[in-house]
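Structure, as structure tokens:
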Amino acid sequence: MDEVYAAVIVPTNEIVETVKIFKQGLESVVGKFPAANADPAIILFAAMADETRAALLEKKLVTICRNQLPFTVQLDNFGEFYNNKTVFVDIDESSKQTITAFRKKLSAEIKLSRYDELVDFNVGKTPHITIARGLVEDQYKVARKYFTGRNYTAAFECNCLVWKKLIKTSTSAYYTPIRTFEFANKNLSLF
């Protein structure tokens, strides 16, 4: 049976806790919303696979990450996607370019290995950390006002990719980390 997975970048505990405070503050003014309890992360891609194909994809991710140098991610205030009524912590342009280059590297390597039918790279196309998504129109209007004029900047070093699996219960659905793929500690290139 196919399961849903996600490859994500998880910020430091300090940033995770700050984003959770943003979520709680927003919930106090708009009420319950989708993603209120979701762990803050930057999604790179989603995948659907059975255990065997997921294990093959994981082996490929080990190799890709082993050859990836750590990079800095700079968070820069807030943003929104009107179409799906989402508000988020935004990422500066330089960090977006770095993350996008990493996503392209992942995509190329996964396609080369013929696992691309498992992966959806449209998910995570615009790097960000979701605060709230799928808001109803009234909630969205309040959320926009709530974050307008607020400033938030932070940075962290991304030195791994976290592999998560979607767990569904009768009352909720959430991602749980199942594996971490560490990046290279130094440049392994000879030239």
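Within each chain, counting starts at residue 1; across the structure tokens, chains are named A, B, ... in the order shown, with ligands numbered 1 upward in that order.
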
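Excluding A:Leu56 itself and any same-chain residue fewer than 4 positions from it, the protein and nucleic acid residues within 12 Å of it, counting only C-alpha atoms, are Ala49, Asp50, Glu51, Thr52, Lys60, Leu61, Val62, Thr63, Ile110, Ser113, Arg114, Tyr115, Asp116 and Leu118 of chain A.
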
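With only C-alpha atoms as the atoms that count, the minimum distance from A:Val16 to the choices A:Asn37, A:Asn122, A:Thr86, A:Gln68 is reached by A:Asn37.
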
Sorted per-residue table, stretch 62-181 of chain A near stretch 3-9 of chain A, closest atoms and distance, 9 Å, only C-alpha atoms, as CSV:
```
residue,atom,partner,partner_atom,distance
A:Gly124,CA,A:Val8,CA,9.0
A:Cys158,CA,A:Ile9,CA,7.0
A:Asn159,CA,A:Ile9,CA,8.8
A:Cys160,CA,A:Ile9,CA,7.1
A:Leu161,CA,A:Ile9,CA,5.4
A:Val162,CA,A:Val8,CA,5.2
A:Trp163,CA,A:Ala7,CA,4.8
A:Lys164,CA,A:Ala6,CA,5.2
A:Lys165,CA,A:Tyr5,CA,4.4
A:Leu166,CA,A:Val4,CA,5.4
A:Ile167,CA,A:Val4,CA,8.4
A:Tyr175,CA,A:Tyr5,CA,8.0
```

>> Considering only alpha helix (DSSP H) as DSSP defines it on the backbone, what residues of stretch 31-96 of chain A qualify? List them as a PyMOL selection string.
In response: chain A and resi 51-66+93-96

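Across A:Pro34, A:Gly79, A:Pro70, A:Gly25, the tightest approach to A:Ile129 is made by A:Gly79 when counting only C-alpha atoms.
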
>> Report as a list of chain:residue names all protein, DNA and RNA residues lying within 6 Å of stretch 153-157 of chain A, evaluated on only C-alpha atoms, omitting residues in the same chain fewer than 4 positions from it.
In response: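 Using only C-alpha atoms, the neighbours found are A:Phe71, A:Thr72, A:Val73, A:Gln74, A:Leu75, A:Asp76, A:Asn77.
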
> Please, what distance in Å, to one decimal, runs between atom CA of A:Cys65 and atom CA of A:Ser107?
Replying inline: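 Separation between atom CA of A:Cys65 and atom CA of A:Ser107: 12.7 Å.
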
Spatial neighbours of A:Phe121, 7 Å, only C-alpha atoms, chain gap at least 3 places, as a CSV table (one decimal) with all heavy atoms, in the first residue's frame:
```csv
chain,number,residue,atom,x,y,z
A,45,PHE,N,9.8,18.3,-1.2
A,45,PHE,CA,8.9,17.5,-2.1
A,45,PHE,C,8.1,16.5,-1.3
A,45,PHE,O,8.4,16.2,-0.2
A,45,PHE,CB,9.7,16.8,-3.2
A,45,PHE,CG,10.6,15.7,-2.8
A,45,PHE,CD1,10.2,14.4,-2.6
A,45,PHE,CD2,12.0,16.0,-2.6
A,45,PHE,CE1,11.0,13.4,-2.2
A,45,PHE,CE2,12.8,15.0,-2.2
A,45,PHE,CZ,12.3,13.7,-2.0
A,46,ALA,N,7.1,16.0,-2.0
A,46,ALA,CA,6.3,15.0,-1.4
A,46,ALA,C,6.4,13.7,-2.3
A,46,ALA,O,6.8,13.8,-3.4
A,46,ALA,CB,4.8,15.4,-1.3
A,124,GLY,N,6.1,22.4,-2.5
A,124,GLY,CA,7.4,23.0,-2.0
A,124,GLY,C,8.1,23.9,-3.1
A,124,GLY,O,9.2,24.2,-2.9
A,125,LYS,N,7.3,24.2,-4.1
A,125,LYS,CA,7.9,25.0,-5.2
A,125,LYS,C,8.4,26.4,-4.8
A,125,LYS,O,9.5,26.8,-5.2
A,125,LYS,CB,6.9,25.1,-6.3
A,125,LYS,CG,7.5,25.4,-7.7
A,125,LYS,CD,6.4,25.4,-8.7
A,125,LYS,CE,7.1,25.2,-10.1
A,125,LYS,NZ,6.2,24.9,-11.1
```

>> Using only C-alpha atoms, can you tell me which of A:Thr169, A:Thr18, A:Gln139, A:Gln24 comes closest to A:Val89?
In response: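 Smallest separation from A:Val89 among the options: A:Thr18.
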
> Which is closer to A:Glu58 than all the others in A:Leu26, A:Val142, A:Ala38, A:Ile178, using only C-alpha atoms?
Replying inline: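 Ranking A:Leu26, A:Val142, A:Ala38, A:Ile178 by distance to A:Glu58, first place goes to A:Ile178.
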
> When DSSP works through the backbone of this structure, what residues of stretch 8-50 of chain A end up as strand (DSSP E or B), shown as a PyMOL selection string?
Replying inline: chain A and resi 8-9+42-49
